[in-house]
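See structure below.
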Amino acid sequence: MSKQRRTFSVDQKLKIIQEADQQGITQTLRKHNLSHSVFLRWKNQFNTGGTELLKPQYRKIDPEVKALMEENARLKKIIGNQALELEFKTELLKKSDVHWMKR
């Protein structure tokens, strides 16, 4: 069975940070079953940007960038197909030239 990732709200993260300051980091982390690295990341985020940085930071892709990436992939596919077709035709021409010269 795989564990599911826990999610914490901004308020929960803040309470854990404050609790660690008051009661000690080790005791608080054991109580909430958190790793030291997660706690330090939250604390650094809070110290640098306040509660705004404690909010989940989802990777948002700009719709224009996404459209350009899709167009780029489509064009690469077209170019690949054209290159393959050109190579195939070149091979056919070489074979037909060899057969034509033998006659």
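Residue numbers start at 1 in each chain; chains themselves are named A, B, ... in the order of the structure tokens; ligands are numbered from 1 in the order shown.
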
Legend entry - Residue contacts of range 15-32 of chain A (12 Å, only C-alpha atoms) excluding same-chain residues fewer than 2 positions away, as a PyMOL selection string: chain A and resi 6+8-13+34-47+50-51+54

Inset, instruction - Write out as a PyMOL selection string all residues of range 17-96 of chain A that DSSP puts in alpha helix (DSSP H) for this structure's backbone. - result: chain A and resi 17-23+25-32+36-49+51-54+63-96

Inset, instruction - Rounded to one decimal place, report the CA of Asn33 in chain A-CA of Lys60 in chain A distance in Å. - result: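 About the pair CA of Asn33 in chain A and CA of Lys60 in chain A: they are 29.7 Å apart.
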
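The coordinates place CA of Ile61 in chain A at 22.2 Å from CA of Thr7 in chain A.
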